Structure formats: structure tokens, C-alpha cells
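Undergrad: Contents of entry-v4.cif (mmCIF, C-alpha atoms):
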data_upload
#
loop_
_atom_site.label_atom_id
_atom_site.label_comp_id
_atom_site.auth_asym_id
_atom_site.auth_seq_id
_atom_site.Cartn_x
_atom_site.Cartn_y
_atom_site.Cartn_z
CA MET Y 1 62.98 127.84 118.08
CA ASN Y 2 62.26 130.40 115.34
CA ASN Y 3 63.24 129.11 111.91
CA LEU Y 4 61.61 132.01 110.04
CA GLN Y 5 63.87 133.13 107.23
CA PRO Y 6 63.96 136.83 106.23
CA THR Y 7 62.39 137.43 102.80
CA GLU Y 8 65.64 138.68 101.28
CA GLU Y 9 67.42 135.55 102.48
CA LEU Y 10 64.73 133.35 100.92
CA TYR Y 11 65.18 135.18 97.60
CA LYS Y 12 68.92 134.50 97.91
CA ALA Y 13 68.28 130.82 98.56
CA MET Y 14 66.14 130.81 95.38
CA GLY Y 15 68.90 132.22 93.20
CA ILE Y 16 68.49 136.00 93.47
CA ASP Y 17 71.67 137.97 94.22
CA LYS Y 18 71.59 140.84 96.71
CA ASP Y 19 72.18 143.53 94.05
CA VAL Y 20 69.36 142.12 91.87
CA TYR Y 21 66.96 142.05 94.83
CA GLU Y 22 67.83 145.61 95.88
CA PHE Y 23 67.50 146.87 92.29
CA GLY Y 24 63.96 145.46 92.19
CA GLU Y 25 63.00 146.83 95.61
CA ALA Y 26 64.05 150.34 94.59
CA ILE Y 27 61.77 150.10 91.53
CA ILE Y 28 58.81 148.86 93.57
CA ARG Y 29 59.01 151.77 96.05
CA ASP Y 30 58.19 154.15 93.19
CA LEU Y 31 55.17 152.13 92.05
CA GLU Y 32 52.99 152.22 95.17
CA GLU Y 33 50.46 154.78 93.87
CA ARG Y 34 50.26 153.06 90.50
CA PHE Y 35 49.56 149.72 92.13
CA LYS Y 36 46.88 151.30 94.32
CA SER Y 37 45.04 152.50 91.20
CA ILE Y 38 45.19 148.99 89.71
CA ASP Y 39 43.70 147.56 92.91
CA GLU Y 40 40.84 150.08 92.72
CA ASN Y 41 40.03 148.94 89.17
CA ALA Y 42 40.19 145.32 90.31
CA GLU Y 43 37.66 146.07 93.05
CA TYR Y 44 35.29 147.64 90.52
CA ASN Y 45 35.61 144.72 88.12
CA GLN Y 46 35.24 142.19 90.94
CA LEU Y 47 31.89 143.76 91.83
CA LYS Y 48 30.89 143.62 88.13
CA VAL Y 49 31.54 139.88 88.03
CA ILE Y 50 29.64 139.21 91.26
CA LYS Y 51 26.71 141.31 90.03
CA ALA Y 52 26.61 139.41 86.72
CA MET Y 53 26.59 136.09 88.57
CA GLN Y 54 23.89 137.18 90.98
CA GLU Y 55 21.69 138.50 88.16
CA ALA Y 56 22.00 135.16 86.37
CA LYS Y 57 21.06 133.31 89.59
CA VAL Y 58 24.11 131.07 89.62
CA SER Y 59 23.38 128.11 91.90
CA GLU Y 60 25.31 125.13 93.22
CA ALA Y 61 23.62 123.03 90.55
CA CYS Y 62 25.31 125.20 87.90
CA LEU Y 63 28.71 123.87 88.96
CA LEU Y 64 27.90 120.32 87.87
CA GLY Y 65 28.82 119.06 84.42
CA THR Y 66 27.15 117.04 81.68
CA THR Y 67 28.28 114.37 79.22
CA GLY Y 68 27.09 113.13 75.86
CA TYR Y 69 25.00 115.64 73.94
CA GLY Y 70 24.86 118.07 76.84
CA TYR Y 71 21.16 118.82 76.44
CA ASN Y 72 19.71 121.16 79.08
CA ASP Y 73 23.11 121.89 80.64
CA LEU Y 74 22.10 124.40 83.32
CA GLY Y 75 25.65 125.38 84.23
CA ARG Y 76 26.71 125.97 80.63
CA ASP Y 77 23.62 128.01 79.74
CA THR Y 78 23.78 130.08 82.93
CA LEU Y 79 27.49 130.80 82.42
CA GLU Y 80 26.73 132.15 78.97
CA LEU Y 81 24.10 134.40 80.54
CA VAL Y 82 26.73 135.56 83.06
CA TYR Y 83 29.07 136.53 80.22
CA ALA Y 84 26.28 138.37 78.41
CA ASN Y 85 25.42 140.26 81.63
CA LEU Y 86 29.06 141.02 82.34
CA PHE Y 87 29.81 142.37 78.87
CA HIS Y 88 26.44 144.13 78.56
CA CYS Y 89 25.48 142.35 75.35
CA GLU Y 90 22.71 140.13 73.99
CA ASP Y 91 24.28 136.69 74.01
CA ALA Y 92 27.46 134.70 74.54
CA LEU Y 93 29.03 131.39 73.56
CA VAL Y 94 31.43 130.07 76.24
CA ARG Y 95 32.61 126.54 75.53
CA PRO Y 96 35.41 124.07 76.25
CA GLN Y 97 34.97 122.93 72.63
CA ILE Y 98 36.59 126.23 71.59
CA THR Y 99 40.20 125.12 71.82
CA CYS Y 100 42.11 128.43 71.93
CA GLY Y 101 41.97 132.13 71.09
CA THR Y 102 42.83 131.57 67.43
CA HIS Y 103 40.03 128.99 67.19
CA ALA Y 104 37.57 131.45 68.76
CA LEU Y 105 38.56 134.16 66.29
CA ALA Y 106 38.42 131.79 63.31
CA LEU Y 107 35.00 130.58 64.46
CA ALA Y 108 33.66 134.13 64.75
CA LEU Y 109 34.99 135.07 61.31
CA MET Y 110 34.01 131.92 59.43
CA SER Y 111 30.49 131.89 60.84
CA ASN Y 112 29.71 135.51 60.03
CA LEU Y 113 31.36 135.82 56.61
CA ARG Y 114 30.13 134.31 53.34
CA PRO Y 115 31.75 133.84 49.91
CA GLY Y 116 32.07 137.22 48.20
CA ASP Y 117 32.32 139.14 51.49
CA GLU Y 118 35.38 141.15 52.44
CA LEU Y 119 37.11 141.28 55.80
CA LEU Y 120 38.83 144.55 56.78
CA SER Y 121 41.51 145.11 59.41
CA PRO Y 122 41.82 148.87 60.03
CA VAL Y 123 44.63 148.47 62.59
CA GLY Y 124 47.31 146.83 60.48
CA LYS Y 125 48.49 143.24 60.35
CA PRO Y 126 46.69 140.81 62.67
CA TYR Y 127 48.38 138.38 65.04
CA ASP Y 128 50.59 135.81 63.28
CA THR Y 129 48.28 132.80 63.73
CA LEU Y 130 45.40 134.65 62.03
CA GLU Y 131 47.40 135.03 58.82
CA GLU Y 132 46.65 131.42 57.91
CA VAL Y 133 43.02 131.73 59.03
CA ILE Y 134 42.55 134.66 56.67
CA GLY Y 135 44.75 133.29 53.89
CA ILE Y 136 47.46 135.95 53.98
CA ARG Y 137 49.70 132.90 54.24
CA PRO Y 138 48.06 130.09 52.24
CA SER Y 139 46.56 127.35 54.41
CA LYS Y 140 43.97 124.62 54.15
CA GLY Y 141 40.48 125.86 54.98
CA SER Y 142 41.36 129.57 55.06
CA LEU Y 143 38.83 132.30 54.39
CA ALA Y 144 40.54 132.92 51.05
CA GLU Y 145 39.72 129.34 49.96
CA TYR Y 146 36.05 130.18 50.46
CA GLY Y 147 36.21 133.29 48.31
CA ILE Y 148 36.37 135.77 51.19
CA THR Y 149 38.75 138.63 50.44
CA TYR Y 150 40.86 140.62 52.86
CA SER Y 151 41.77 144.29 53.05
CA GLN Y 152 44.14 145.99 55.48
CA VAL Y 153 44.78 149.59 56.47
CA ASP Y 154 47.94 150.18 58.48
CA LEU Y 155 48.14 152.59 61.38
CA LEU Y 156 49.87 155.89 60.70
CA GLU Y 157 53.50 156.27 61.78
CA ASN Y 158 52.40 158.03 64.98
CA GLY Y 159 50.05 155.17 65.84
CA ASP Y 160 46.83 157.00 64.92
CA PHE Y 161 44.11 155.45 62.79
CA ASP Y 162 44.33 156.25 59.08
CA TYR Y 163 40.75 157.44 58.87
CA GLU Y 164 41.00 158.48 55.23
CA GLY Y 165 42.50 155.12 54.30
CA ILE Y 166 39.78 153.29 56.25
CA LYS Y 167 37.05 155.29 54.54
CA ASN Y 168 38.48 154.43 51.13
CA ALA Y 169 38.84 150.74 52.03
CA ILE Y 170 35.21 150.24 53.05
CA ASN Y 171 33.13 149.12 50.09
CA GLU Y 172 29.89 147.29 49.26
CA ARG Y 173 31.53 143.92 49.99
CA THR Y 174 32.92 144.91 53.41
CA LYS Y 175 30.97 142.67 55.76
CA LEU Y 176 33.12 142.47 58.89
CA VAL Y 177 35.78 144.66 60.46
CA THR Y 178 38.26 142.98 62.83
CA ILE Y 179 39.98 145.15 65.44
CA GLN Y 180 42.84 143.62 67.40
CA ARG Y 181 42.97 145.27 70.80
CA SER Y 182 46.38 143.99 71.85
CA LYS Y 183 49.66 144.46 70.04
CA GLY Y 184 50.44 140.83 69.17
CA TYR Y 185 54.04 140.36 68.03
CA GLN Y 186 54.41 144.06 67.37
CA THR Y 187 55.44 147.10 69.40
CA ARG Y 188 52.50 149.30 68.42
CA LYS Y 189 50.36 150.70 71.20
CA THR Y 190 47.56 148.54 72.51
CA LEU Y 191 44.18 150.12 71.82
CA SER Y 192 42.16 151.47 74.73
CA VAL Y 193 38.46 150.69 74.82
CA GLU Y 194 37.80 154.40 74.27
CA ARG Y 195 39.88 154.46 71.07
CA ILE Y 196 38.17 151.29 69.86
CA GLY Y 197 34.83 153.03 70.43
CA GLU Y 198 35.91 156.03 68.36
CA LEU Y 199 36.99 153.74 65.52
CA ILE Y 200 33.74 151.75 65.60
CA SER Y 201 31.69 154.97 65.58
CA PHE Y 202 33.59 156.20 62.52
CA ILE Y 203 33.11 152.90 60.66
CA LYS Y 204 29.40 152.65 61.53
CA LYS Y 205 28.78 156.15 60.14
CA ILE Y 206 30.18 154.99 56.81
CA LYS Y 207 28.47 151.58 56.77
CA PRO Y 208 25.99 151.02 59.65
CA ASP Y 209 25.38 147.33 58.93
CA VAL Y 210 29.03 146.26 59.01
CA ILE Y 211 29.91 143.84 61.84
CA CYS Y 212 32.62 145.23 64.13
CA MET Y 213 34.48 142.44 65.92
CA VAL Y 214 37.15 143.02 68.57
CA ASP Y 215 39.88 140.52 69.37
CA ASN Y 216 39.71 141.08 73.12
CA CYS Y 217 42.57 138.72 74.08
CA TYR Y 218 44.75 139.99 76.95
CA GLY Y 219 42.46 143.00 77.52
CA GLU Y 220 39.59 141.78 79.70
CA PHE Y 221 39.31 143.52 83.10
CA VAL Y 222 42.25 145.84 82.46
CA GLN Y 223 39.81 148.75 82.23
CA ARG Y 224 36.38 149.23 83.77
CA ILE Y 225 34.62 148.98 80.41
CA GLU Y 226 34.84 146.48 77.55
CA PRO Y 227 34.47 146.93 73.76
CA THR Y 228 30.82 145.84 73.85
CA ASP Y 229 30.19 148.95 75.97
CA VAL Y 230 31.33 151.16 73.07
CA GLY Y 231 29.56 149.58 70.10
CA ALA Y 232 31.39 146.34 69.29
CA ASP Y 233 29.04 143.75 67.74
CA MET Y 234 31.28 140.87 68.86
CA ILE Y 235 34.17 140.40 71.26
CA VAL Y 236 36.27 137.27 71.21
CA GLY Y 237 38.75 135.83 73.68
CA SER Y 238 40.44 132.82 75.25
CA LEU Y 239 39.67 131.36 78.67
CA ILE Y 240 43.32 130.51 79.31
CA LYS Y 241 43.99 134.24 79.26
CA ASN Y 242 42.39 136.90 81.48
CA PRO Y 243 38.77 135.70 81.91
CA GLY Y 244 39.72 132.17 82.95
CA GLY Y 245 41.53 133.48 86.01
CA GLY Y 246 44.17 130.75 85.75
CA LEU Y 247 41.66 128.00 86.56
CA ALA Y 248 39.98 127.36 83.20
CA PRO Y 249 41.83 124.40 81.62
CA ILE Y 250 40.66 125.18 78.07
CA GLY Y 251 38.02 127.21 76.27
CA GLY Y 252 37.10 130.41 74.53
CA TYR Y 253 34.21 132.84 74.28
CA ILE Y 254 32.33 134.93 71.74
CA ALA Y 255 29.98 137.58 73.13
CA GLY Y 256 27.87 140.21 71.43
CA LYS Y 257 24.84 140.54 69.17
CA LYS Y 258 22.52 137.54 69.29
CA GLU Y 259 22.69 136.88 65.54
CA CYS Y 260 26.51 136.92 65.51
CA VAL Y 261 26.71 134.53 68.47
CA GLU Y 262 24.06 132.20 67.01
CA ASN Y 263 25.98 132.05 63.73
CA ALA Y 264 29.09 131.05 65.67
CA ALA Y 265 27.18 128.38 67.61
CA TYR Y 266 25.85 126.78 64.43
CA ARG Y 267 29.36 126.74 63.00
CA LEU Y 268 30.86 125.28 66.19
CA THR Y 269 28.37 122.42 66.38
CA SER Y 270 26.02 121.94 63.42
CA PRO Y 271 23.19 123.69 61.57
CA GLY Y 272 20.02 122.89 63.46
CA LEU Y 273 21.83 122.21 66.72
CA GLY Y 274 23.70 125.39 67.64
CA LYS Y 275 23.92 126.14 71.37
CA GLU Y 276 21.64 123.25 72.35
CA VAL Y 277 24.47 120.69 72.37
CA GLY Y 278 27.97 120.61 73.79
CA ALA Y 279 28.62 118.84 77.08
CA SER Y 280 30.59 120.73 79.71
CA LEU Y 281 32.47 117.59 80.82
CA GLY Y 282 33.13 118.69 84.39
CA VAL Y 283 34.98 121.95 83.65
CA THR Y 284 32.06 124.27 84.44
CA SER Y 285 33.11 124.87 88.04
CA SER Y 286 36.60 126.00 86.98
CA PHE Y 287 35.03 128.34 84.39
CA TYR Y 288 32.88 129.99 87.06
CA GLN Y 289 35.57 130.19 89.72
CA GLY Y 290 38.17 131.34 87.21
CA LEU Y 291 35.90 134.16 86.06
CA PHE Y 292 35.29 135.10 89.69
CA LEU Y 293 39.07 135.39 90.28
CA ALA Y 294 39.81 137.04 86.92
CA PRO Y 295 39.76 140.72 88.04
CA THR Y 296 42.35 140.20 90.79
CA VAL Y 297 44.46 137.83 88.69
CA THR Y 298 44.48 140.40 85.86
CA ALA Y 299 45.52 143.07 88.37
CA SER Y 300 48.48 140.90 89.41
CA ALA Y 301 49.48 140.47 85.77
CA LEU Y 302 49.30 144.24 85.24
CA LYS Y 303 51.55 144.91 88.23
CA SER Y 304 54.04 142.35 86.94
CA ALA Y 305 54.07 143.98 83.49
CA ILE Y 306 54.62 147.46 84.96
CA PHE Y 307 57.42 146.14 87.16
CA ALA Y 308 59.11 144.59 84.11
CA ALA Y 309 58.77 147.80 82.09
CA ASN Y 310 60.28 149.94 84.83
CA ILE Y 311 63.21 147.56 85.37
CA TYR Y 312 64.18 147.12 81.74
CA GLU Y 313 63.62 150.74 80.73
CA LYS Y 314 65.96 151.78 83.54
CA LEU Y 315 68.54 149.38 82.11
CA GLY Y 316 68.31 151.14 78.74
CA PHE Y 317 66.11 148.77 76.75
CA PHE Y 318 63.15 149.89 74.64
CA VAL Y 319 59.90 148.77 76.27
CA ALA Y 320 56.32 148.99 75.02
CA PRO Y 321 54.32 150.25 76.80
CA ASN Y 322 56.94 152.41 78.45
CA ALA Y 323 57.42 152.65 82.20
CA THR Y 324 54.78 155.35 82.77
CA GLU Y 325 52.15 154.79 80.05
CA GLU Y 326 48.58 153.83 80.88
CA ARG Y 327 47.93 150.11 80.31
CA PHE Y 328 45.24 148.57 78.13
CA ASP Y 329 46.37 144.93 78.12
CA ILE Y 330 48.63 142.67 80.20
CA ILE Y 331 51.41 142.28 77.61
CA GLN Y 332 54.84 143.86 78.05
CA ALA Y 333 57.17 144.00 75.05
CA ILE Y 334 60.91 144.41 75.56
CA THR Y 335 63.33 144.89 72.65
CA PHE Y 336 66.76 143.32 73.11
CA ASN Y 337 68.13 143.71 69.54
CA LYS Y 338 69.86 140.36 69.90
CA GLU Y 339 68.72 136.77 70.05
CA GLU Y 340 70.64 136.11 73.27
CA GLY Y 341 68.55 138.65 75.18
CA VAL Y 342 65.25 137.00 74.23
CA ILE Y 343 66.56 133.56 75.16
CA ALA Y 344 68.05 134.71 78.49
CA PHE Y 345 64.80 136.46 79.47
CA CYS Y 346 62.74 133.35 78.68
CA LYS Y 347 65.17 131.16 80.62
CA GLY Y 348 64.67 133.41 83.65
CA ILE Y 349 60.88 133.17 83.43
CA GLN Y 350 61.06 129.39 83.13
CA ALA Y 351 63.43 129.15 86.09
CA GLY Y 352 60.96 131.15 88.18
CA ALA Y 353 58.02 128.84 87.45
CA PRO Y 354 56.30 126.52 89.96
CA VAL Y 355 56.07 123.80 87.29
CA ASP Y 356 58.99 122.66 85.08
CA SER Y 357 61.39 125.20 86.59
CA PHE Y 358 64.24 122.83 85.75
CA VAL Y 359 63.45 122.89 82.01
CA THR Y 360 65.45 125.08 79.60
CA PRO Y 361 63.29 126.68 76.86
CA GLU Y 362 64.69 126.61 73.31
CA PRO Y 363 63.51 128.21 70.04
CA TRP Y 364 61.48 125.86 67.83
CA ASP Y 365 59.36 125.76 64.67
CA MET Y 366 55.94 126.32 66.21
CA PRO Y 367 52.83 125.72 64.03
CA GLY Y 368 51.21 128.94 62.77
CA TYR Y 369 54.35 131.11 62.88
CA ASP Y 370 56.74 132.14 60.10
CA SER Y 371 59.90 131.99 62.24
CA GLN Y 372 61.20 130.03 65.18
CA VAL Y 373 59.54 130.96 68.47
CA ILE Y 374 60.75 130.55 72.04
CA MET Y 375 58.20 130.11 74.78
CA ALA Y 376 58.65 129.97 78.54
CA ALA Y 377 55.75 128.93 80.75
CA GLY Y 378 55.94 126.65 83.73
CA ALA Y 379 52.18 126.66 84.03
CA PHE Y 380 49.49 124.60 85.73
CA VAL Y 381 47.52 124.84 82.46
CA SER Y 382 49.60 124.19 79.36
CA GLY Y 383 50.02 127.36 77.29
CA SER Y 384 48.07 129.52 79.73
CA SER Y 385 48.99 133.13 78.97
CA ILE Y 386 47.51 134.48 82.19
CA GLU Y 387 50.08 132.48 84.12
CA LEU Y 388 53.64 133.82 84.21
CA SER Y 389 54.98 133.36 80.70
CA ALA Y 390 57.13 134.91 78.00
CA ASP Y 391 57.57 134.26 74.31
CA GLY Y 392 58.90 135.83 71.19
CA PRO Y 393 59.82 135.17 67.55
CA ILE Y 394 63.52 134.71 66.90
CA LYS Y 395 63.83 137.49 64.33
CA PRO Y 396 64.82 141.19 64.39
CA PRO Y 397 64.36 143.35 66.38
CA TYR Y 398 64.31 140.43 68.85
CA ASN Y 399 61.36 141.38 71.01
CA VAL Y 400 60.20 139.32 73.95
CA TYR Y 401 56.56 139.47 75.04
CA PHE Y 402 55.96 138.95 78.73
CA GLN Y 403 52.56 138.46 80.33
CA GLY Y 404 50.75 136.98 83.25
CA GLY Y 405 51.34 136.16 86.86
CA LEU Y 406 48.49 134.64 88.85
CA THR Y 407 49.84 136.56 91.83
CA TRP Y 408 51.90 139.74 91.92
CA GLN Y 409 54.39 138.06 94.22
CA HIS Y 410 55.11 135.37 91.63
CA GLY Y 411 55.34 137.99 88.89
CA LYS Y 412 57.91 139.89 90.93
CA TYR Y 413 60.01 136.78 91.48
CA GLY Y 414 59.83 135.81 87.80
CA ILE Y 415 61.06 139.22 86.65
CA LEU Y 416 63.90 139.15 89.18
CA LYS Y 417 64.88 135.74 87.78
CA THR Y 418 65.07 137.24 84.26
CA LEU Y 419 67.27 139.99 85.63
CA GLN Y 420 69.49 137.41 87.31
CA GLU Y 421 69.76 135.39 84.09
CA MET Y 422 70.63 138.52 82.08
CA LYS Y 423 73.30 139.39 84.63
CA ASN Y 424 74.72 135.84 84.67
CA SER Y 425 74.87 135.86 80.85
CA GLY Y 426 76.81 139.13 80.82
CA LEU Y 427 74.03 140.98 78.99
CA ILE Y 428 73.50 143.63 81.71
CA ARG Y 429 75.43 145.24 84.54
CA LEU Y 430 73.69 146.59 87.63
#
When written as C-alpha cells, how does the structure in this file appear?
TA:
Amino acid sequence: MNNLQPTEELYKAMGIDKDVYEFGEAIIRDLEERFKSIDENAEYNQLKVIKAMQEAKVSEACLLGTTGYGYNDLGRDTLELVYANLFHCEDALVRPQITCGTHALALALMSNLRPGDELLSPVGKPYDTLEEVIGIRPSKGSLAEYGITYSQVDLLENGDFDYEGIKNAINERTKLVTIQRSKGYQTRKTLSVERIGELISFIKKIKPDVICMVDNCYGEFVQRIEPTDVGADMIVGSLIKNPGGGLAPIGGYIAGKKECVENAAYRLTSPGLGKEVGASLGVTSSFYQGLFLAPTVTASALKSAIFAANIYEKLGFFVAPNATEERFDIIQAITFNKEEGVIAFCKGIQAGAPVDSFVTPEPWDMPGYDSQVIMAAGAFVSGSSIELSADGPIKPPYNVYFQGGLTWQHGKYGILKTLQEMKNSGLIRL
């Protein structure tokens, strides 16, 4: 007896109406060539990862963990060599002791800046959680408390760099320039690696010894090159985003010039100890395997983002990037212009999750943000942004930021669930 259920019928059994399913299928038919190009990039980046692992001579012994001080941790030290090989740079710090992306960025900044130095952001306001790190919003232990000043040059209205403003902002105290690749809680364009390279080249001509750091979160493996290939002195990211491949349970990385990475290591542990200590506590295997899977997982997240953009743009909403733009990170912003749209979208994502699908997300006062935030993520790793998730601040213009999807098939289902929730709430008509 054949109990095989047609795919459309299974979608129906999982809460997707026929008109919602058919709307999505029509969108997907027009995306075949685009998805093929993404798969080609994933193949290239997969080979890069394998090559980096082979060059570092990763062995079975590398997958074992250490406890206590973590002296002579072969797996940890080899993984850091893998990251340095992969990103074509001198050194890397890849640790479970780095708790999140914000921690990685704070660590990179605090270890490479000294009292009297100035930090410059030439791409406008940084991500919300960095405001307290810098001291834009007063906070205990901020850079401002240590006498480190901050300067900012906004992008021009058309999204271009304000080169004249940047030139005027660079002075004798400018020690480090921070470039945020992704858009954060904004709708500006994400920066391509090529554009980042142009900006770094311009800055280095003005002041060659300035440290150029790139917040690489959400951008790894989207293109075939990374910011360290175009002159970045440091790149920083989170392992529960792209490079962890959905398997890393915690962690962050800093990769780049040896001196910059060493400074970060001494700040993370202690002067005199640096990279020599820090037990891997049994997570090393998931770091390696997650990195191995990262190119294809990132490709799935990209397909999911493009699918979301095409669906919601067709329904008349503003989306950034738009339906046809080239992608440089995995984040998709959608503007609903009303609180109810953000909440309905997040409810749909949560309902499509493999974990906690029965939970209803609500806005709350999340630490590090200046407004209530709603977050939807039924993830295997708490807060993992590479898994299917959505979040947004509850304030005008009421943008939601969607990212992730360990598989394209799950991303597709999650987006259809948002569409179903929007339909059920009377916010759209198909």
C-alpha cells in the first residue's frame, strides 16, 4: 500500500493554503537561473574550505577537545590555522570563549585601541549593540570611558561613500576604522567586498598605518572573496552565523594581521598568556564540521532571502535588497510600515520552525537595544542567525530582518508560513 503524500498535500497538512502554495511556486519558477549561480559560488567556496583544511593537515586528533588551561590544544590551534588559510591572512583567533558577534567586535576594538585614540566609522551608524560598546549610548566599560573618541561619516543619500567627509574626518588620532559590511537594523545597501576594498584603499592612501577592521557578520561565503583579500587588517564574525554552518553552539572569530590578532588574544585571556590558553571543551568537532558545511548552508540562506524578497516585493512592500539586486549578505529587510506586519511575519517564521513552533513571539525589552525588539527563531542553537530566523525593532518604519535557513527547503516553508500568517491576519490579499 502506497501511503506517499503529494508534496502540495503535505504543505496543506502543515498549514499552507493552496493559493499561498501556488503563489510561492510561481515565484520559484522564475528563480532557477539565479539559484544555479548561487550553487556555483557554493561549490567554489566549498573547495576553498576543503583546501584550507587540507593545507592545515586537519587530522582525527584535531576533533578532540581539551579542558582546564587548554595548553597544546591541537584542534584549537589547527582550526585557527584553517581560518587564516581560508581568509588568506596571517593569523586567526577562533574561540568558544568569544560569546557572540558583539563580543568579538568589542574584543577587536578594545584590544587594538588605546586611550587618546579615535575610532572612525565611514559607513554611518554601526549596529545597535555596538553603540554601548563605543559609548554612543553611555554604558559601563565602553570605549568612551577609556578616553577613546568616536567619529562617524554617514553615507551619501545615494548610498555612496562620502569620500570628502572621510578625508576630513581622518586625523592624527585616527587609529582604527570600522566598516560594517551588513546593513544591521537599516535599509542601506550591504557593502560588497569590492566596495569595501575601494574604501580601504582610499583610507590607506590618506593614513597607511590606520587599522581597517571589517564587521564581516552575515557576509562570509556569500561571495568568492572576503575583505582580507582586499586589504582589511582584521575581519570579525560570529560562529552562530555563516561560518558555523548551523553546528557551532557558540563562538566568534577575529582573523587578519598577526599583531591585531595577538592583541585580541591577550585581551581575551590575559597579558602573558594570549592564545596559549583556552580549552575547547568538546566543541572543536562542531566548529570544524560547521565550517565544512558553511558554504552550502549560506547558499540555502541566500536562496531563502531571495525568495522572500521576490514574494514581498510582488505584494507591494519595500524590500532591501530588492528582488533582482546582487546579494552581499544573507539578510533580507522588509518594510511593513505598521507594527502588525512585523509581528505577523515573525509569528509565521516561528510557526515554521522545527523547535518551539508552538511558541508565539512577542516584542520585549532586549538588552543592548533602544526599543522593544521581536525575535523569532525556533533554532537548535539559541539565537543562531544562520538558522531560519527573523527579528526587528518595534519602531517606524517597522522593518523586519529575515535571515538564515540551514536548508533551502526549510527556508521556503518558513517564508510560506509568513505569507499564510499575513493572509490570516488580513494584512495581504493574494
Undergrad: Enclose all atoms of stretch 194-208 of chain Y listed in the file in an axis-aligned box, grow every side by 4 Å, and hand back centre and edge lengths in Å to one decimal, as AutoDock Vina command-line options.
TA:
--center_x 32.9 --center_y 153.6 --center_z 65.5 --size_x 21.9 --size_y 13.2 --size_z 25.5
Undergrad: Would you mind listing what lies within 6 Å of stretch 124-139 of chain Y as JSON, numbers by chain, with all atoms listed in the file counted and same-chain residues fewer than 5 positions away left out?
TA: {"Y": [144, 152, 153, 154, 155, 184, 368]}
Undergrad: Atom CA of Y:Cys346 and atom CA of Y:Asp391, how far apart in Å?
TA: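 These atoms are spaced 6.8 Å apart.
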Undergrad: Any chance you could tabulate, as JSON lines, the residues of stretch 229-339 of chain Y at most 7 Å from stretch 65-87 of chain Y with each one's nearest atom pair and distance in Å to one decimal, using only C-alpha atoms, in chain and rising number order?
TA:
{"residue": "Y:Ala255", "atom": "CA", "partner": "Y:Ala84", "partner_atom": "CA", "distance": 6.5}
{"residue": "Y:Glu276", "atom": "CA", "partner": "Y:Tyr71", "partner_atom": "CA", "distance": 6.0}
{"residue": "Y:Val277", "atom": "CA", "partner": "Y:Gly70", "partner_atom": "CA", "distance": 5.2}
{"residue": "Y:Gly278", "atom": "CA", "partner": "Y:Gly70", "partner_atom": "CA", "distance": 5.0}
{"residue": "Y:Ala279", "atom": "CA", "partner": "Y:Gly70", "partner_atom": "CA", "distance": 3.8}
{"residue": "Y:Ser280", "atom": "CA", "partner": "Y:Gly65", "partner_atom": "CA", "distance": 5.3}
{"residue": "Y:Leu281", "atom": "CA", "partner": "Y:Gly65", "partner_atom": "CA", "distance": 5.3}
{"residue": "Y:Gly282", "atom": "CA", "partner": "Y:Gly65", "partner_atom": "CA", "distance": 4.3}
{"residue": "Y:Val283", "atom": "CA", "partner": "Y:Gly65", "partner_atom": "CA", "distance": 6.8}
{"residue": "Y:Thr284", "atom": "CA", "partner": "Y:Gly65", "partner_atom": "CA", "distance": 6.1}
Undergrad: May I have the residues within 12 Å of Y:Val123 as a ChimeraX atom specification, using all atoms listed in the file and disregarding those fewer than 3 positions away in the same chain?
TA: /Y:120,126-127,151-157,159-163,165-166,177-184,186,188-191,195-196,199-200,214-215
Undergrad: So what does the PyMOL selection byres ((chain Y and resi 328-343) around 6) actually pick up in this one, as an MDAnalysis selection string?
TA: chainID Y and resid 192 218:219 222 302 305 318:320 327 344:346 397:403
Undergrad: List as an NGL selection string the protein and nucleic acid residues near Y:Asp229, meaning an atom at most 9 Å away when only C-alpha atoms are counted, but skip any in the same chain fewer than 2 places from it.
TA: :Y and (87-89 or 193 or 197 or 225-227 or 231-232)
Undergrad: Save the residues we just selected, C-alpha atoms, as an mmCIF file, in the coordinates of the input?
TA:
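The resulting file, again_9.cif, is reproduced below:
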data_model
loop_
_atom_site.group_PDB
_atom_site.id
_atom_site.type_symbol
_atom_site.label_atom_id
_atom_site.label_comp_id
_atom_site.auth_asym_id
_atom_site.auth_seq_id
_atom_site.Cartn_x
_atom_site.Cartn_y
_atom_site.Cartn_z
ATOM 1 C CA PHE Y 87 29.810 142.370 78.870
ATOM 2 C CA HIS Y 88 26.440 144.130 78.560
ATOM 3 C CA CYS Y 89 25.480 142.350 75.350
ATOM 4 C CA VAL Y 193 38.460 150.690 74.820
ATOM 5 C CA GLY Y 197 34.830 153.030 70.430
ATOM 6 C CA ILE Y 225 34.620 148.980 80.410
ATOM 7 C CA GLU Y 226 34.840 146.480 77.550
ATOM 8 C CA PRO Y 227 34.470 146.930 73.760
ATOM 9 C CA GLY Y 231 29.560 149.580 70.100
ATOM 10 C CA ALA Y 232 31.390 146.340 69.290
#
Undergrad: Tell me, in Å to one decimal, how far atom CA of Y:Ile50 is from atom CA of Y:Pro295.
TA: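 The value is 10.7 Å.
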Undergrad: Using the chain letters and residue numbers of this document, give as an NGL selection string the residues selected by the PyMOL selection byres ((chain Y and resi 417) around 10).
TA: :Y and (11 or 14-17 or 20-21 or 344-353 or 411-416 or 418-423)
Undergrad: Could you expand the PyMOL selection byres ((chain Y and resi 310) around 9) into the explicit residues it covers here, written as a list in words?
TA: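 Listing what the PyMOL selection byres ((chain Y and resi 310) around 9) selects in the shown file: Ile27, Ile28, Ala305, Ile306, Phe307, Ala308, Ala309, Ile311, Tyr312, Glu313, Lys314, Leu315, Val319, Asn322, Ala323 and Thr324 of chain Y.
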Undergrad: With only C-alpha atoms as the atoms that count, which of Y:Glu25, Y:Glu262, Y:Glu198, Y:Glu164 lies nearest to Y:Ala108?
TA: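 For Y:Ala108, the nearest of the candidates is Y:Glu262.
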Undergrad: Please determine the residues with any atom at most 10 Å from (35.5, 135.4, 52.6) (coordinates as given in the file, with all atoms listed in the file counting) and report them as number ranges by chain.
TA: Y: 109-110, 112-119, 134-135, 142-150, 173-176
Undergrad: Please report the interatomic distance between atom CA of Y:Met213 and atom CA of Y:Met234 in Å with one decimal.
TA: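 Interatomic distance, atom CA of Y:Met213 to atom CA of Y:Met234: 4.6 Å.
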Undergrad: Of the candidates Y:Ser201, Y:His103, Y:Pro361, Y:Thr187, which one gets nearest to Y:Pro321 if we count only C-alpha atoms?
TA: Y:Thr187
Undergrad: Find the residues with any atom within 12 Å of (38.8, 151.6, 90.5); use all atoms listed in the file and the coordinates as given in the file, and write the answer as a PyMOL selection string.
TA: chain Y and resi 34-48+221-225+295-296+299
Undergrad: Identify which of the residues Y:Leu93, Y:Phe287, Y:Ile170, Y:Leu430 lies closest to Y:Tyr266, counting all atoms listed in the file when measuring atom-to-atom distances.
TA: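 Closest to Y:Tyr266 of all the choices is Y:Leu93.
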